[in-house]
Amino acid sequence: MSQEPAARVLYLTHRVPYPPDKGDRIRTYHLLRQMVTRGRVWLGCLADEPVPPESLTALNNLCERVAVIPVGRASRWGRAAWSLATGASLSEGLFASNGLTRVLKQWAAETKFDTVVASSSALVPYLRIPALAGTPAVVDLIDVDSQKWLDFAAVSRAPKNWLYRLEAARVRKTERAIAGFARAESVVSRAEANVYDSFTHAGAATVATNGVDLDYFAPAQCETQLACAFVGALDYLPNEDAAIWFARDVWPAIREKFPAAEFRIIGRKPTPTVQALSAIPGISVVGQVPDVRPFVASAAAVVVPLRLARGVQNKVLEAMAMAKAVVAAPPALAALGTENGVHLLSASTPQEWVRAVTALFTDAPLRRSLSGAARQYVEQHHHWEQCLQPLLAAIFPPA
C-alpha cells in the first residue's frame with residue numbers, strides 16, 4: 001500500500017523561533033518541533049536582532065527550507081507609522097517586509113502548501129497575498145492582542161493611552177476578520193478564548209495552552225537562600241511595571257523584616273528605570289544571564305507580581321516545573337487551574353505580598369509542600385505535546 005505524502009506546511013513567525021528563551025519563541029519553537037514530526041515544514045521568519053549561526057543550524061535541521069529576513073529597527077518604525085496612517089495597525093507595519101513577501105511568492109510557485117500557519121495576527125497580511133490564495137490558513141493568535149492594548153491604555157497617560165486605544169481598535173478589526181477566513185484560530189487559555197469569542201462568534205477560538213520543558217526546567221538540589229527572584233524580559237511593559245511596583249511598594253516592608261534578604265531581577269534589556277532599582281537596599285538587577293535556572297533554584301521564593309498579564313505566563317510554569325515556591329498576582333494565574341495555597345500562593349495588595357513572602361521565608365514545610373504540588377501540577381497539565389494537540393489537529397486535519 002502506498003504511503004500518503006507528508007503534509008506541506010508553511011510556517012510564518014514574527015521572530016526567529018530559536019533559541020526558545022522568551023515567551024513567543026518558546027511556543028513557536030515547540031509548535032515547530034511538533035509539526036515536523038507530522039509533516040514537512042517551510043519556515044519564514046523575521047529578525048530584528050543578529051541571529052547566531054547555531055540558531056540557523058538548529059532550524060535548518062528541522063525544516064525543509066528556512067528564510068530569516070532581517071528587519072531594521074529604524075526602517076520598521078517608519079513602516080509602522082505608515083501602516084497606522086493608512087488605516088492599518090502599528091503591529092502590521094512593524095512586521096511588514098517586502099523581502100519575506102518575495103520569499104513566500106517564490107516558495108508558493110515551487111510548492112503547493114497544504115496549510116499556512118501564522119504565529120500572530122500581525123502576520124495576517126502575508127496570508128492574503130495572491131500567491132497563497134486558496135491555501136487553508138491557521139492563525140495562532142496566542143493572546144488576544146487587542147485586549148492587551150486596551151489593558152495598556154488603562155494604565156497609561158496621554159498620549160500613549162490614545163495610541164494604545166487606536167492600536168487596540170485596529171488590531172481587533174484584524175482579529176475579527178480572521179474568524180471569517182481562517183480554518184482555525186488558537187489562543188492559550190479559555191479566558192482568552194472567551195474574549196475572542198465575545199467579538200466574533202461562540203466557539204471561534206481553539207484553546208491550545210502552553211507547556212513547559214519538564215526536562216530542562218527540572219528540580220535542582222542547591223542551598224535555598226533568603227531571596228526573591230523575578231524573571232522576565234525587562235523592556236516589556238508588564239514585566240517592567242511588575243518589577244518596579246514590587247520593588248517600591250512591597251520590598252521595603254520585606255527588607256525591614258529580613259535585613260539580609262535580596263530581591264533579584266533577572267532578564268534581558270532592563271530599562272533605565274528598572275536599572276535604577278538597584279539603588280534600593282537589597283535589590284540586585286542581574287539583567288540578562290545565559291541560564292536563569294541557578295537564580296531561580298537558589299531563591300526561597302519566585303515572585304510574579306504582574307498587574308498586566310494576558311495568557312499563560314511561562315515564568316510561572318518554569319518555576320513550578322523546577323519545584324519552586326511561587327507567589328503570583330491573580331492576573332498571572334488567570335489562565336491556569338492552580339489552587340491558591342496548594343500549588344502556589346496568590347497575592348494582590350502589598351500587605352498580602354508581604355505575608356506570603358514572609359511565610360515562604362520562614363516556613364520550610366510550606367515551601368516543600370508547595371514545591372512538590374507545583375511540579376506535579378505541570379507534569380499533569382503542561383506537557384507540550386498534550387497542550388498543542390488541539391492546534392496540531394487544526395493544522396493537520398484528518399483526511
# chains A, B, ... in the order shown; residues from 1 in each chain; ligands from 1

$ closest_atom_pairs --of "segment 296-325 of chain A" --to "segment 150-163 of chain A" --cutoff "10 Å" --atoms "only C-alpha atoms" --output "CSV"
residue,atom,partner,partner_atom,distance
A:Arg307,CA,A:Asp151,CA,9.9
A:Leu308,CA,A:Asp151,CA,7.0
A:Ala309,CA,A:Asp151,CA,8.6
A:Arg310,CA,A:Asp151,CA,9.2

$ select_by_dssp --residues "segment 24-161 of chain A" --states "helix (DSSP H, G or I)" --output "PyMOL selection string"
chain A and resi 24-35+53-62+73-85+90-94+98-110+121-127+130-132+145-154+160-161

$ closest_residue --among "A:Gly134, A:Gly93, A:Gly99, A:Gly282" --to "Arg170 of chain A" --atoms "only C-alpha atoms"
A:Gly93

$ closest_residue --among "A:Thr115, A:Glu379, A:Thr206, A:Leu237" --to "Trp149 of chain A" --atoms "only C-alpha atoms"
A:Leu237

$ closest_residue --among "A:Ala220, A:Ala233, A:Ala247, A:Pro390" --to "Arg375 of chain A" --atoms "only C-alpha atoms"
A:Ala220

$ residues_around --residues "Ser284 of chain A" --least-positions-apart "4" --cutoff "7 Å" --atoms "only C-alpha atoms" --output "PDB file with N, CA and C atoms, in the first residue's frame"
ATOM      1  N   PHE A 263      16.284  40.825  46.663  1.00  0.00           N
ATOM      2  CA  PHE A 263      15.334  40.741  45.550  1.00  0.00           C
ATOM      3  C   PHE A 263      16.151  40.803  44.263  1.00  0.00           C
ATOM      4  N   ARG A 264      16.149  39.701  43.508  1.00  0.00           N
ATOM      5  CA  ARG A 264      16.959  39.591  42.295  1.00  0.00           C
ATOM      6  C   ARG A 264      16.065  39.696  41.066  1.00  0.00           C
ATOM      7  N   ILE A 265      16.384  40.649  40.206  1.00  0.00           N
ATOM      8  CA  ILE A 265      15.600  40.900  38.993  1.00  0.00           C
ATOM      9  C   ILE A 265      16.427  40.420  37.807  1.00  0.00           C
ATOM     10  N   SER A 278      18.324  49.161  41.534  1.00  0.00           N
ATOM     11  CA  SER A 278      19.466  48.603  42.276  1.00  0.00           C
ATOM     12  C   SER A 278      19.927  49.524  43.394  1.00  0.00           C
TER      13      SER A 278
END

$ select_by_dssp --residues "segment 153-384 of chain A" --states "strand (DSSP E or B)" --output "ChimeraX atom specification"
/A:184-187,205-207,225-231,262-266,283-287,299-304,326-328,340,344-346

$ closest_residue --among "A:Cys387, A:Leu234, A:Leu226, A:Val354" --to "Pro252 of chain A" --atoms "only C-alpha atoms"
A:Val354

$ closest_atom_pairs --of "segment 274-375 of chain A" --to "segment 14-27 of chain A" --cutoff "10 Å" --atoms "only C-alpha atoms" --output "Markdown table"
| residue | atom | partner | partner_atom | distance |
| --- | --- | --- | --- | --- |
| A:Pro290 | CA | A:Asp21 | CA | 9.5 |
| A:Asp291 | CA | A:Asp21 | CA | 9.3 |
| A:Val292 | CA | A:Asp21 | CA | 9.7 |
| A:Val312 | CA | A:Gly23 | CA | 9.4 |
| A:Gln313 | CA | A:Gly23 | CA | 8.0 |
| A:Asn314 | CA | A:Gly23 | CA | 6.5 |
| A:Lys315 | CA | A:Gly23 | CA | 8.6 |

$ write_last_selection --atoms "all heavy atoms" --output "PDB file, in the first residue's frame"
ATOM      1  N   PRO A 290      23.014  33.767  30.831  1.00  0.00           N
ATOM      2  CA  PRO A 290      22.903  32.644  29.884  1.00  0.00           C
ATOM      3  C   PRO A 290      21.947  31.558  30.347  1.00  0.00           C
ATOM      4  O   PRO A 290      21.424  30.801  29.536  1.00  0.00           O
ATOM      5  CB  PRO A 290      24.339  32.124  29.784  1.00  0.00           C
ATOM      6  CG  PRO A 290      25.030  32.624  31.016  1.00  0.00           C
ATOM      7  CD  PRO A 290      24.381  33.926  31.346  1.00  0.00           C
ATOM      8  N   ASP A 291      21.706  31.475  31.651  1.00  0.00           N
ATOM      9  CA  ASP A 291      20.854  30.425  32.190  1.00  0.00           C
ATOM     10  C   ASP A 291      20.190  30.949  33.468  1.00  0.00           C
ATOM     11  O   ASP A 291      20.872  31.254  34.448  1.00  0.00           O
ATOM     12  CB  ASP A 291      21.691  29.173  32.496  1.00  0.00           C
ATOM     13  CG  ASP A 291      20.851  27.968  32.907  1.00  0.00           C
ATOM     14  OD1 ASP A 291      19.651  28.130  33.137  1.00  0.00           O
ATOM     15  OD2 ASP A 291      21.429  26.869  32.996  1.00  0.00           O
ATOM     16  N   VAL A 292      18.858  31.069  33.444  1.00  0.00           N
ATOM     17  CA  VAL A 292      18.156  31.618  34.606  1.00  0.00           C
ATOM     18  C   VAL A 292      18.000  30.591  35.719  1.00  0.00           C
ATOM     19  O   VAL A 292      17.699  30.956  36.868  1.00  0.00           O
ATOM     20  CB  VAL A 292      16.753  32.156  34.218  1.00  0.00           C
ATOM     21  CG1 VAL A 292      16.854  33.231  33.154  1.00  0.00           C
ATOM     22  CG2 VAL A 292      15.822  31.034  33.770  1.00  0.00           C
ATOM     23  N   VAL A 312      -0.959  32.622  29.229  1.00  0.00           N
ATOM     24  CA  VAL A 312      -0.206  31.783  30.162  1.00  0.00           C
ATOM     25  C   VAL A 312       1.186  32.372  30.359  1.00  0.00           C
ATOM     26  O   VAL A 312       1.883  32.679  29.385  1.00  0.00           O
ATOM     27  CB  VAL A 312      -0.099  30.341  29.637  1.00  0.00           C
ATOM     28  CG1 VAL A 312       0.788  29.494  30.543  1.00  0.00           C
ATOM     29  CG2 VAL A 312      -1.491  29.711  29.529  1.00  0.00           C
ATOM     30  N   GLN A 313       1.595  32.525  31.609  1.00  0.00           N
ATOM     31  CA  GLN A 313       2.907  33.073  31.912  1.00  0.00           C
ATOM     32  C   GLN A 313       3.930  31.948  32.003  1.00  0.00           C
ATOM     33  O   GLN A 313       3.894  31.125  32.913  1.00  0.00           O
ATOM     34  CB  GLN A 313       2.849  33.850  33.232  1.00  0.00           C
ATOM     35  CG  GLN A 313       1.921  35.041  33.197  1.00  0.00           C
ATOM     36  CD  GLN A 313       2.314  36.053  32.138  1.00  0.00           C
ATOM     37  OE1 GLN A 313       3.479  36.414  32.001  1.00  0.00           O
ATOM     38  NE2 GLN A 313       1.347  36.499  31.356  1.00  0.00           N
ATOM     39  N   ASN A 314       4.843  31.915  31.028  1.00  0.00           N
ATOM     40  CA  ASN A 314       5.864  30.874  31.019  1.00  0.00           C
ATOM     41  C   ASN A 314       6.719  30.905  32.285  1.00  0.00           C
ATOM     42  O   ASN A 314       7.161  29.862  32.770  1.00  0.00           O
ATOM     43  CB  ASN A 314       6.756  31.017  29.778  1.00  0.00           C
ATOM     44  CG  ASN A 314       6.013  30.712  28.499  1.00  0.00           C
ATOM     45  OD1 ASN A 314       5.403  29.667  28.366  1.00  0.00           O
ATOM     46  ND2 ASN A 314       6.050  31.633  27.552  1.00  0.00           N
ATOM     47  N   LYS A 315       6.926  32.106  32.817  1.00  0.00           N
ATOM     48  CA  LYS A 315       7.771  32.226  34.020  1.00  0.00           C
ATOM     49  C   LYS A 315       7.162  31.487  35.202  1.00  0.00           C
ATOM     50  O   LYS A 315       7.882  30.953  36.045  1.00  0.00           O
ATOM     51  CB  LYS A 315       8.031  33.701  34.352  1.00  0.00           C
ATOM     52  CG  LYS A 315       6.785  34.543  34.533  1.00  0.00           C
ATOM     53  CD  LYS A 315       7.120  35.974  34.964  1.00  0.00           C
ATOM     54  CE  LYS A 315       7.809  36.770  33.887  1.00  0.00           C
ATOM     55  NZ  LYS A 315       6.913  37.086  32.737  1.00  0.00           N
TER      56      LYS A 315
END
